[in-house]
$ cat coords-v2.txt   # compact mmCIF, C-alpha atoms and all ligand atoms
# COMPACT_ATOMS: atom_id res chain seq x y z
CA MET Q 1 47.82 65.02 141.34
CA ASN Q 2 44.81 62.73 141.40
CA GLN Q 3 41.41 64.32 141.12
CA ARG Q 4 38.99 63.25 143.79
CA VAL Q 5 35.48 62.55 142.58
CA LEU Q 6 32.82 61.93 145.19
CA THR Q 7 29.12 61.25 145.01
CA GLY Q 8 26.40 59.93 147.28
CA ILE Q 9 23.27 57.95 146.56
CA THR Q 10 20.31 58.40 148.87
CA THR Q 11 19.08 54.97 149.92
CA THR Q 12 15.34 55.28 149.78
CA GLY Q 13 14.35 53.50 146.62
CA THR Q 14 15.04 50.67 144.23
CA PRO Q 15 17.30 51.61 141.31
CA HIS Q 16 15.56 52.02 137.99
CA LEU Q 17 16.80 52.40 134.43
CA GLY Q 18 16.94 56.19 134.79
CA ASN Q 19 19.31 55.90 137.78
CA TYR Q 20 21.46 53.48 135.86
CA VAL Q 21 21.81 55.55 132.72
CA GLY Q 22 21.93 58.96 134.43
CA ALA Q 23 24.15 58.23 137.40
CA ILE Q 24 25.44 54.70 137.96
CA ARG Q 25 26.84 53.92 134.53
CA PRO Q 26 28.62 57.27 133.97
CA ALA Q 27 30.02 57.29 137.52
CA ILE Q 28 31.48 53.80 137.12
CA ALA Q 29 32.92 54.73 133.74
CA ALA Q 30 34.50 57.84 135.26
CA SER Q 31 35.98 55.80 138.10
CA ARG Q 32 37.99 53.83 135.56
CA GLU Q 33 39.75 56.91 134.18
CA THR Q 34 43.35 57.28 135.22
CA GLY Q 35 44.23 60.09 137.58
CA VAL Q 36 40.84 59.81 139.24
CA GLU Q 37 40.22 58.68 142.78
CA SER Q 38 36.54 57.94 143.33
CA PHE Q 39 34.51 57.98 146.52
CA PHE Q 40 31.01 56.55 146.13
CA PHE Q 41 28.82 56.12 149.15
CA LEU Q 42 25.35 55.20 150.27
CA ALA Q 43 23.84 58.33 151.77
CA ASP Q 44 21.81 56.49 154.36
CA TYR Q 45 21.76 59.33 156.88
CA HIS Q 46 20.18 61.40 154.14
CA ALA Q 47 17.70 58.61 153.59
CA LEU Q 48 16.46 58.98 157.17
CA ILE Q 49 15.40 62.52 156.36
CA LYS Q 50 13.01 61.34 153.70
CA CYS Q 51 11.91 58.00 155.05
CA ASP Q 52 10.85 56.73 158.47
CA ASP Q 53 10.29 53.15 157.38
CA PRO Q 54 13.22 51.09 158.73
CA ALA Q 55 12.45 48.10 156.52
CA ARG Q 56 12.57 50.21 153.41
CA ILE Q 57 15.85 51.84 154.43
CA GLU Q 58 17.37 48.44 155.08
CA LEU Q 59 16.19 46.95 151.82
CA SER Q 60 17.17 49.97 149.76
CA ARG Q 61 20.71 50.00 151.17
CA LEU Q 62 21.10 46.37 150.16
CA GLN Q 63 19.59 46.85 146.70
CA ILE Q 64 21.60 49.95 145.92
CA ALA Q 65 24.88 48.47 147.10
CA ALA Q 66 24.22 45.31 145.08
CA THR Q 67 23.28 47.41 142.04
CA TRP Q 68 26.53 49.37 142.06
CA LEU Q 69 28.62 46.27 142.51
CA ALA Q 70 26.71 44.33 139.86
CA SER Q 71 27.03 47.26 137.47
CA GLY Q 72 30.78 46.96 137.54
CA LEU Q 73 31.97 49.14 140.40
CA ASP Q 74 35.36 47.86 141.47
CA PRO Q 75 35.67 48.22 145.25
CA GLU Q 76 39.43 47.86 144.98
CA ARG Q 77 39.62 50.95 142.84
CA VAL Q 78 36.82 52.99 144.34
CA VAL Q 79 36.30 53.85 147.99
CA PHE Q 80 32.79 52.45 148.36
CA TYR Q 81 31.17 52.90 151.75
CA ARG Q 82 28.11 53.76 153.77
CA GLN Q 83 27.82 57.24 155.19
CA SER Q 84 26.53 55.83 158.49
CA ASP Q 85 29.72 53.77 158.95
CA ILE Q 86 31.78 56.96 159.17
CA PRO Q 87 31.17 58.58 162.58
CA GLU Q 88 33.42 61.47 161.55
CA ILE Q 89 30.74 62.65 159.12
CA PRO Q 90 28.08 63.57 161.70
CA GLU Q 91 30.84 65.00 163.86
CA LEU Q 92 32.02 67.23 161.05
CA THR Q 93 28.39 68.10 160.34
CA TRP Q 94 28.18 69.64 163.79
CA LEU Q 95 31.37 71.65 163.40
CA LEU Q 96 30.03 72.99 160.11
CA THR Q 97 26.55 73.58 161.54
CA CYS Q 98 28.11 75.96 164.05
CA VAL Q 99 29.53 78.18 161.31
CA THR Q 100 26.57 78.02 158.91
CA ALA Q 101 24.21 80.97 158.76
CA LYS Q 102 20.61 79.99 159.36
CA GLY Q 103 19.56 82.54 156.78
CA GLN Q 104 21.50 80.66 154.14
CA MET Q 105 19.72 77.42 155.00
CA ASN Q 106 16.38 79.24 154.75
CA ARG Q 107 17.19 79.69 151.07
CA ALA Q 108 17.88 76.01 150.32
CA HIS Q 109 15.59 74.82 147.52
CA ALA Q 110 14.38 71.65 149.23
CA TYR Q 111 13.39 73.52 152.36
CA LYS Q 112 11.86 76.40 150.44
CA ALA Q 113 9.80 74.00 148.35
CA SER Q 114 8.28 72.54 151.53
CA VAL Q 115 7.57 76.00 152.91
CA ASP Q 116 5.97 77.11 149.65
CA ALA Q 117 3.80 74.00 149.53
CA ASN Q 118 2.67 74.62 153.11
CA MET Q 119 1.85 78.25 152.41
CA GLU Q 120 -0.17 77.27 149.40
CA ALA Q 121 -2.08 74.76 151.47
CA GLY Q 122 -2.70 77.44 154.09
CA GLU Q 123 -0.64 75.54 156.66
CA ASP Q 124 2.02 76.72 159.05
CA PRO Q 125 5.10 77.39 156.85
CA ASP Q 126 7.18 74.83 158.72
CA ALA Q 127 4.51 72.15 158.99
CA GLY Q 128 6.11 68.72 158.64
CA VAL Q 129 9.60 70.19 158.22
CA THR Q 130 12.14 68.37 160.35
CA MET Q 131 15.50 69.75 161.38
CA GLY Q 132 16.94 66.96 159.26
CA LEU Q 133 15.38 68.45 156.13
CA PHE Q 134 16.39 71.94 157.15
CA SER Q 135 20.03 70.94 157.79
CA TYR Q 136 20.24 68.53 154.86
CA PRO Q 137 22.77 70.71 152.96
CA ILE Q 138 25.13 70.80 155.93
CA LEU Q 139 25.25 67.02 156.18
CA MET Q 140 25.93 66.96 152.46
CA ALA Q 141 28.69 69.53 152.85
CA ALA Q 142 30.28 67.30 155.48
CA ASP Q 143 30.10 64.30 153.11
CA ILE Q 144 32.06 66.24 150.54
CA LEU Q 145 34.49 68.22 152.66
CA MET Q 146 35.42 65.23 154.79
CA PHE Q 147 37.25 63.77 151.81
CA ASN Q 148 38.39 66.96 150.13
CA ALA Q 149 36.68 66.08 146.87
CA GLN Q 150 37.33 68.43 143.97
CA ARG Q 151 34.59 67.11 141.71
CA VAL Q 152 31.07 66.19 142.70
CA PRO Q 153 28.90 64.70 139.94
CA VAL Q 154 25.28 65.46 140.77
CA GLY Q 155 21.93 66.15 139.23
CA ARG Q 156 21.00 69.73 138.47
CA ASP Q 157 18.79 69.89 141.57
CA GLN Q 158 21.85 69.39 143.76
CA VAL Q 159 24.02 72.18 142.41
CA GLN Q 160 22.90 74.65 145.07
CA HIS Q 161 24.01 72.20 147.75
CA ILE Q 162 27.52 72.10 146.33
CA GLU Q 163 27.61 75.90 146.35
CA MET Q 164 26.57 75.83 149.98
CA ALA Q 165 29.35 73.34 150.70
CA ARG Q 166 31.83 75.75 149.14
CA ASP Q 167 30.54 78.62 151.25
CA VAL Q 168 30.72 76.73 154.48
CA ALA Q 169 34.19 75.42 153.60
CA GLN Q 170 35.40 78.93 152.96
CA ARG Q 171 33.92 80.18 156.16
CA PHE Q 172 35.49 77.42 158.20
CA ASN Q 173 38.87 77.88 156.52
CA HIS Q 174 38.69 81.59 157.21
CA LEU Q 175 37.64 81.29 160.84
CA PHE Q 176 39.98 78.55 161.95
CA GLY Q 177 42.61 78.06 159.29
CA GLY Q 178 44.89 80.94 160.22
CA GLY Q 179 45.94 81.18 156.58
CA LYS Q 180 45.92 77.45 156.05
CA ASP Q 181 43.03 75.73 154.25
CA PHE Q 182 41.53 72.62 155.78
CA PHE Q 183 39.10 72.12 152.94
CA VAL Q 184 39.29 72.01 149.19
CA LEU Q 185 36.45 73.91 147.52
CA PRO Q 186 34.35 71.39 145.59
CA GLU Q 187 32.88 71.91 142.12
CA ALA Q 188 29.57 70.49 140.99
CA GLU Q 189 29.69 68.46 137.79
CA VAL Q 190 26.46 68.22 135.93
CA GLU Q 191 26.76 65.80 133.03
CA ALA Q 192 25.38 67.69 130.08
CA ASP Q 193 25.21 64.88 127.56
CA VAL Q 194 23.88 62.13 129.79
CA ALA Q 195 20.38 61.40 128.67
CA THR Q 196 17.51 61.95 131.02
CA LEU Q 197 15.42 58.89 130.39
CA PRO Q 198 11.69 59.22 129.88
CA GLY Q 199 9.50 57.05 132.05
CA LEU Q 200 6.46 55.00 131.07
CA ASP Q 201 4.36 58.12 130.57
CA GLY Q 202 7.04 60.11 128.78
CA ARG Q 203 7.85 62.42 131.70
CA LYS Q 204 11.31 62.15 133.27
CA MET Q 205 11.70 58.69 134.78
CA SER Q 206 11.36 59.22 138.49
CA LYS Q 207 10.14 57.41 141.53
CA SER Q 208 8.03 60.43 142.40
CA TYR Q 209 6.07 60.09 139.14
CA ASN Q 210 5.67 56.37 139.62
CA ASN Q 211 6.66 55.83 135.97
CA THR Q 212 9.89 53.89 136.35
CA ILE Q 213 11.26 50.83 134.59
CA PRO Q 214 13.08 48.66 137.14
CA LEU Q 215 16.73 47.92 136.51
CA PHE Q 216 17.11 44.47 138.10
CA GLU Q 217 14.18 43.85 140.39
CA GLY Q 218 11.44 41.78 138.79
CA GLY Q 219 13.85 40.05 136.43
CA ALA Q 220 13.70 39.99 132.65
CA LYS Q 221 9.96 39.48 132.94
CA GLY Q 222 9.55 42.66 134.95
CA LEU Q 223 11.60 44.58 132.40
CA LYS Q 224 9.52 43.24 129.54
CA GLU Q 225 6.23 44.06 131.27
CA ALA Q 226 7.35 47.57 132.06
CA ILE Q 227 8.44 48.20 128.48
CA ALA Q 228 5.05 46.97 127.31
CA ARG Q 229 3.49 49.79 129.33
CA VAL Q 230 5.50 52.59 127.68
CA VAL Q 231 2.93 54.83 126.00
CA THR Q 232 2.91 55.00 122.21
CA ASP Q 233 0.45 56.43 119.75
CA SER Q 234 -2.17 54.44 117.87
CA ARG Q 235 -0.29 54.00 114.60
CA LEU Q 236 -0.68 50.50 113.26
CA PRO Q 237 2.03 48.13 112.06
CA GLY Q 238 2.99 49.12 108.53
CA GLU Q 239 2.35 52.80 109.15
CA PRO Q 240 5.52 54.90 109.11
CA LYS Q 241 6.56 56.28 112.52
CA ASP Q 242 8.58 59.39 113.29
CA PRO Q 243 11.58 58.27 115.35
CA ASP Q 244 11.83 61.72 116.91
CA CYS Q 245 8.37 61.40 118.39
CA THR Q 246 8.63 58.24 120.42
CA HIS Q 247 10.12 57.64 123.84
CA LEU Q 248 11.10 54.16 122.72
CA VAL Q 249 13.89 55.70 120.67
CA THR Q 250 15.26 57.71 123.60
CA LEU Q 251 15.30 54.58 125.72
CA PHE Q 252 16.84 52.56 122.91
CA ASP Q 253 19.58 55.12 122.26
CA ALA Q 254 20.75 54.92 125.87
CA PHE Q 255 21.74 51.28 125.30
CA ALA Q 256 22.79 51.28 121.67
CA LYS Q 257 25.76 52.04 119.45
CA PRO Q 258 25.36 54.62 116.68
CA ALA Q 259 24.82 52.02 113.95
CA GLN Q 260 22.11 50.27 115.96
CA ARG Q 261 20.42 53.60 116.62
CA GLN Q 262 20.37 54.30 112.95
CA ALA Q 263 18.93 50.90 112.09
CA PHE Q 264 16.15 51.20 114.68
CA ARG Q 265 15.14 54.60 113.29
CA GLU Q 266 15.01 53.26 109.78
CA GLU Q 267 12.83 50.33 110.77
CA LEU Q 268 10.39 52.69 112.47
CA ARG Q 269 10.19 54.91 109.44
CA ALA Q 270 9.55 51.80 107.39
CA GLY Q 271 6.54 50.93 109.52
CA LEU Q 272 7.80 48.65 112.31
CA GLY Q 273 4.85 47.91 114.64
CA TRP Q 274 5.01 49.19 118.24
CA GLY Q 275 4.91 45.65 119.58
CA ASP Q 276 7.96 44.69 117.55
CA ALA Q 277 9.67 47.97 118.41
CA LYS Q 278 9.21 47.17 122.09
CA GLN Q 279 10.67 43.73 121.56
CA ARG Q 280 13.73 45.33 119.89
CA LEU Q 281 14.03 47.73 122.81
CA PHE Q 282 13.76 44.91 125.32
CA ASP Q 283 16.46 42.87 123.55
CA GLN Q 284 18.74 45.87 123.40
CA ILE Q 285 18.44 46.66 127.11
CA GLU Q 286 18.56 43.03 128.12
CA ALA Q 287 21.87 42.53 126.29
CA GLU Q 288 23.50 44.98 128.69
CA VAL Q 289 21.45 44.44 131.81
CA GLY Q 290 20.95 40.66 131.70
CA PRO Q 291 24.50 39.62 132.68
CA MET Q 292 24.57 42.25 135.41
CA ARG Q 293 21.25 41.02 136.74
CA GLU Q 294 22.80 37.61 137.34
CA ARG Q 295 25.55 39.17 139.40
CA TYR Q 296 22.92 41.22 141.21
CA ALA Q 297 20.92 38.14 142.16
CA GLU Q 298 24.08 36.45 143.40
CA LEU Q 299 24.93 39.46 145.58
CA ILE Q 300 21.42 39.84 146.98
CA ALA Q 301 21.58 36.18 147.96
CA HIS Q 302 24.77 36.90 149.94
CA PRO Q 303 24.27 40.14 151.85
CA GLU Q 304 27.19 39.22 154.11
CA ARG Q 305 29.55 39.66 151.16
CA ILE Q 306 28.19 43.12 150.51
CA GLU Q 307 28.52 43.92 154.18
CA GLU Q 308 32.16 42.87 154.10
CA THR Q 309 32.86 44.98 151.05
CA LEU Q 310 31.26 48.02 152.69
CA GLN Q 311 33.18 47.49 155.90
CA ALA Q 312 36.43 47.39 153.97
CA GLY Q 313 35.37 50.58 152.20
CA ALA Q 314 34.56 52.25 155.51
CA ALA Q 315 38.03 51.41 156.80
CA LYS Q 316 39.57 53.07 153.75
CA ALA Q 317 37.33 56.10 154.12
CA ARG Q 318 38.05 56.44 157.82
CA ALA Q 319 41.78 56.32 157.18
CA GLN Q 320 41.21 59.68 155.50
CA ALA Q 321 38.49 61.03 157.78
CA THR Q 322 40.03 60.32 161.18
CA PRO Q 323 43.20 62.41 160.83
CA LEU Q 324 41.37 65.31 159.21
CA LEU Q 325 38.75 65.37 161.92
CA LYS Q 326 41.47 65.32 164.55
CA THR Q 327 43.02 68.42 162.99
CA LEU Q 328 39.63 70.12 162.82
CA ARG Q 329 38.84 69.39 166.44
CA GLU Q 330 42.15 70.91 167.43
CA ALA Q 331 41.48 73.91 165.24
CA VAL Q 332 38.17 74.77 166.88
CA GLY Q 333 39.59 74.31 170.37
CA LEU Q 334 38.41 70.79 171.23
CA ARG Q 335 41.81 69.77 172.53
CA ARG Q 336 43.21 67.47 175.14
CA MET Q 337 43.92 69.24 178.41
CA HIS Q 338 47.68 68.77 178.19
CA ALA Q 339 47.54 70.43 174.82
CA VAL Q 340 46.00 73.47 176.52
CA ALA Q 341 49.00 73.63 178.85
CA GLN Q 342 51.30 73.58 175.83
CA VAL Q 343 49.42 76.37 174.21
CA THR Q 344 49.72 78.54 177.29
CA LYS Q 345 53.41 77.81 177.35
CA ALA Q 346 53.64 78.68 173.69
CA GLU Q 347 51.91 81.95 174.38
CA ALA Q 348 54.34 82.66 177.19
CA THR Q 349 57.34 82.02 174.93
CA ASP Q 350 55.68 84.16 172.39
CA ALA Q 351 55.32 86.99 174.90
CA LYS Q 352 58.98 86.65 175.84
CA ALA Q 353 59.90 86.83 172.22
CA ARG Q 354 58.13 90.14 171.87
CA PRO Q 355 60.29 93.07 172.99
CA PRO Q 356 59.60 95.34 175.95
CA VAL Q 357 58.56 98.88 175.12
CA PHE Q 358 60.03 102.27 176.13
CA LYS Q 359 57.62 105.11 176.37
CA GLN Q 360 58.66 108.78 176.76
CA TYR Q 361 56.11 111.31 177.85
CA ARG Q 362 55.58 114.69 179.43
CA GLU Q 363 53.45 115.40 182.49
CA ALA Q 364 51.12 118.35 182.94
CA ASP Q 365 53.79 120.17 184.97
CA GLY Q 366 56.01 120.23 181.87
CA ARG Q 367 58.62 117.75 183.08
CA PHE Q 368 59.81 114.69 181.10
CA PHE Q 369 59.65 110.99 182.01
CA PHE Q 370 60.09 107.59 180.47
CA LYS Q 371 59.05 104.14 181.45
CA LEU Q 372 59.80 100.63 180.27
CA ASN Q 373 57.04 98.05 180.04
CA ALA Q 374 57.33 94.37 179.25
CA ALA Q 375 55.28 93.18 176.25
CA ASP Q 376 52.56 91.98 178.63
CA GLY Q 377 52.33 95.49 180.12
CA LYS Q 378 54.23 94.83 183.30
CA LEU Q 379 56.11 97.93 184.49
CA LEU Q 380 59.87 97.31 184.51
CA ILE Q 381 61.31 100.85 185.01
CA GLN Q 382 59.62 104.08 185.97
CA SER Q 383 61.99 107.04 185.64
CA GLY Q 384 61.92 110.14 187.76
CA ALA Q 385 61.38 113.57 186.27
CA PHE Q 386 63.80 115.25 183.84
CA ASP Q 387 63.74 118.93 183.09
CA GLN Q 388 64.86 118.36 179.54
CA GLY Q 389 63.22 115.89 177.15
CA ARG Q 390 66.66 115.29 175.70
CA ASP Q 391 67.90 113.84 179.01
CA ALA Q 392 65.10 111.31 179.14
CA GLY Q 393 65.85 110.36 175.53
CA GLN Q 394 69.54 109.92 176.23
CA TRP Q 395 68.85 107.56 179.13
CA VAL Q 396 66.57 105.47 176.95
CA ALA Q 397 69.24 105.28 174.26
CA LYS Q 398 71.90 104.33 176.81
CA LEU Q 399 69.72 101.61 178.30
CA LYS Q 400 69.08 100.18 174.85
CA ARG Q 401 72.74 100.31 173.98
CA GLU Q 402 74.36 99.16 177.19
CA GLY Q 403 71.61 97.11 178.77
CA ALA Q 404 71.75 96.47 182.53
CA ALA Q 405 75.21 98.03 182.75
CA ALA Q 406 73.63 101.45 182.26
CA LEU Q 407 71.71 101.04 185.50
CA ALA Q 408 74.77 101.58 187.67
CA GLY Q 409 74.64 105.16 188.85
CA ALA Q 410 71.39 105.92 187.02
CA PRO Q 411 68.79 108.12 188.71
CA PHE Q 412 66.22 105.31 188.51
CA GLU Q 413 66.03 101.58 189.20
CA ALA Q 414 64.00 98.49 188.56
CA ALA Q 415 60.35 98.95 189.42
CA GLU Q 416 59.05 97.31 192.54
CA GLY Q 417 58.82 93.55 192.26
CA VAL Q 418 61.07 93.33 189.22
CA ALA Q 419 64.10 91.13 189.77
CA ALA Q 420 67.47 92.38 188.54
CA ASP Q 421 67.90 89.50 186.10
CA GLU Q 422 64.40 89.94 184.69
CA LEU Q 423 65.17 93.56 183.90
CA ALA Q 424 68.58 92.65 182.53
CA ALA Q 425 66.97 90.10 180.19
CA ALA Q 426 64.44 92.65 178.99
CA LEU Q 427 67.13 95.22 178.30
CA ALA Q 428 69.31 92.65 176.59
CA SER Q 429 66.60 92.18 173.98
CA PHE Q 430 67.37 95.69 172.66
CA ALA Q 431 71.03 94.91 172.31
CA GLU Q 432 70.14 91.77 170.27
CA GLU Q 433 67.91 93.81 168.06
CA SER Q 434 70.48 96.40 167.06
N1 LIG Q 501 21.65 64.75 148.11
C1 LIG Q 501 22.10 63.88 147.07
C2 LIG Q 501 20.90 63.46 146.22
O1 LIG Q 501 19.81 63.40 146.73
C3 LIG Q 501 22.79 62.65 147.62
C4 LIG Q 501 24.01 63.05 148.36
C5 LIG Q 501 24.19 63.06 149.69
C6 LIG Q 501 25.22 63.50 147.75
N2 LIG Q 501 25.45 63.47 149.99
C7 LIG Q 501 26.09 63.78 148.83
C8 LIG Q 501 25.62 63.71 146.44
C9 LIG Q 501 27.38 64.27 148.60
C10 LIG Q 501 26.90 64.21 146.21
C11 LIG Q 501 27.78 64.48 147.29
O2 LIG Q 501 21.08 63.19 145.06

$ encode --input "coords-v2.txt" --output "structure tokens"
Amino acid sequence: MNQRVLTGITTTGTPHLGNYVGAIRPAIAASRETGVESFFFLADYHALIKCDDPARIELSRLQIAATWLASGLDPERVVFYRQSDIPEIPELTWLLTCVTAKGQMNRAHAYKASVDANMEAGEDPDAGVTMGLFSYPILMAADILMFNAQRVPVGRDQVQHIEMARDVAQRFNHLFGGGKDFFVLPEAEVEADVATLPGLDGRKMSKSYNNTIPLFEGGAKGLKEAIARVVTDSRLPGEPKDPDCTHLVTLFDAFAKPAQRQAFREELRAGLGWGDAKQRLFDQIEAEVGPMRERYAELIAHPERIEETLQAGAAKARAQATPLLKTLREAVGLRRMHAVAQVTKAEATDAKARPPVFKQYREADGRFFFKLNAADGKLLIQSGAFDQGRDAGQWVAKLKREGAAALAGAPFEAAEGVAADELAAALASFAEES
């Protein structure tokens, strides 16, 4: 069976080299493996949680879509779509929201970080916290569960969210599945050997540190200028440099083959100047990124082509989402009215299928009785009194054995309001049983 791999990209920024090396490139490579079915999407509903600037959301969606396509994503192979084109996702989010414990969401890292920051600043704990931020993990669970993804490649900071998705999936399965599972339980996949790229200042390359090297935006010139700003020490050309102590090497390695890595290290040890080292690094990155940048520019110039690709992706995604959501709506009781009528009928048949029940008992005066109730409790026979318990028992046995025929000449009859054929049918069920 194919493995489903799914991941989302929040559309708030412009992709940088760190995104490319850490997420885009490995995800595209993984999508080419056989036996893998990939779902990659633009998490633009998630973007709204972090960003209230419509122009930035719009631009980022375009840039990120163009980046993935230019980087080699094959939309024929991969289901590539925008979260906001799939109305089933927010709908599923609500179904999941209704079975998610608030206490569990209180423990989500992103929310807790905001609360902690507020406390430290002496503010109200929930200052500036929207319900979007608070419910963020539920929307993410819906993204994943909607497509029954087994594997979810994410950064380490997202692992807790995948665990929450598992929990909510289990809870929903348990509450509404009746032994059948609607959802696959997803596993987080944290790439261990994918390099975390250092940024200009040597800390992890991240938009929040403002230390990024752009991937495509700004062109080759922008790339070159950014590389020029990577911090180095003050060693002069000719002085030997320790390859393990410069971020240039980490950046270089991410774009080089083993032999090239080796050669670069040797040159540094032999005294290559930082300026020349940066030129080597630029050439190395540009060899991979340059041709993709041309495709990127071409795509950005034709947003309508990207739009078309995403619409086609949405249609593929919805072909999966629509039937599952229909099942889920049914499961929670959001059904068409005629379906309700069928259920009641089913229950009625069910009740008929269950057998009526004989009950023998003794009253306070010491005499013996029995009665026969239908499965729904309706009284079918109420006997008179017997002096001996054995007599009551024998009548019950006879009724079970002979059915309605035993009624002729019996010291009891159908209870009031019970038609002869109704009682006969009830008694017949014992004969079928034996
Ligand atoms: N929250 C993820 C991030 O910020 C993006 C995301 C949204 C995602 N939905 C997802 C990732 C579903 C994996 C699966 O990185």

$ residues_near_ligand --input "coords-v2.txt" --ligand "ligand LIG 501 (chain Q)" --cutoff "6 Å" --atoms "all atoms listed in the file" --output "number ranges by chain"
Q: 7-10, 43, 140, 143-144, 152, 154

$ residues_near_point --input "coords-v2.txt" --point "(13.8, 42.1, 142.1)" --cutoff "12 Å" --atoms "all atoms listed in the file" --output "PyMOL selection string"
chain Q and resi 14-16+59-60+62-64+66-67+213-223+293-294+296-301

$ atom_distance --input "coords-v2.txt" --atom1 "CA of Val78 in chain Q" --atom2 "CA of Leu185 in chain Q"
21.2 Å

$ closest_residue --input "coords-v2.txt" --among "Q:Ala226, Q:Cys51, Q:Ala404, Q:Leu236" --to "Asp421 in chain Q" --atoms "all atoms listed in the file"
Q:Ala404

$ axis_aligned_box --input "coords-v2.txt" --around "range 379-394 of chain Q" --padding-each-side "3 Å" --output "lines of an AutoDock Vina configuration file"
center_x = 62.8
center_y = 108.1
center_z = 181.6
size_x = 19.4
size_y = 27.6
size_z = 18.2

$ residues_around --input "coords-v2.txt" --residues "range 428-432 of chain Q" --least-positions-apart "2" --cutoff "9 Å" --atoms "all atoms listed in the file" --output "ChimeraX atom specification"
/Q:353-356,399-404,423-426,434

$ closest_residue --input "coords-v2.txt" --among "Q:Glu91, Q:Asp157, Q:Glu123, Q:Asp391" --to "Leu139 in chain Q" --atoms "only C-alpha atoms"
Q:Glu91

$ atom_distance --input "coords-v2.txt" --atom1 "CA of Gln150 in chain Q" --atom2 "CA of Arg4 in chain Q"
5.4 Å

$ atom_distance --input "coords-v2.txt" --atom1 "CA of Gln160 in chain Q" --atom2 "CA of Leu96 in chain Q"
16.7 Å

$ closest_residue --input "coords-v2.txt" --among "Q:Ala408, Q:Leu427, Q:Ala414, Q:Val99" --to "Val396 in chain Q" --atoms "all atoms listed in the file"
Q:Leu427

$ closest_atom_pairs --input "coords-v2.txt" --of "range 133-229 of chain Q" --to "range 30-35 of chain Q" --cutoff "12 Å" --atoms "all atoms listed in the file" --output "tab-separated table"
residue	atom	partner	partner_atom	distance
Q:Arg151	CA	Q:Ala30	CA	11.3
Q:Val152	CA	Q:Ala30	CA	11.7
Q:Pro153	CA	Q:Ala30	CA	10.0
Q:Glu189	CA	Q:Ala30	CA	11.9
Q:Glu191	CA	Q:Ala30	CA	11.3

$ closest_residue --input "coords-v2.txt" --among "Q:Ser114, Q:Thr196, Q:Thr246, Q:Gln3" --to "Thr130 in chain Q" --atoms "all atoms listed in the file"
Q:Ser114

$ closest_residue --input "coords-v2.txt" --among "Q:Leu248, Q:Ile57, Q:Ile49, Q:Leu200" --to "Gly128 in chain Q" --atoms "only C-alpha atoms"
Q:Ile49

$ closest_residue --input "coords-v2.txt" --among "Q:Ala47, Q:Pro137, Q:Thr309, Q:Gln260" --to "Asp74 in chain Q" --atoms "all atoms listed in the file"
Q:Thr309

$ residues_near_point --input "coords-v2.txt" --point "(37.7, 73.6, 144.6)" --cutoff "9 Å" --atoms "all atoms listed in the file" --output "list in words"
Asn148, Ala149, Gln150, Arg151, Arg166, Phe183, Val184, Leu185, Pro186 and Glu187 of chain Q

$ residues_around --input "coords-v2.txt" --residues "Asp253 in chain Q" --least-positions-apart "4" --cutoff "12 Å" --atoms "all atoms listed in the file" --output "list in words"
Val21, Val194, Ala195, Thr196, Leu197, Pro198, Pro243, Asp244, Thr246, His247, Leu248, Val249, Lys257, Pro258, Ala259, Gln260, Arg261, Gln262, Ala263, Phe264, Arg265, Arg280, Leu281, Gln284 and Ile285 of chain Q
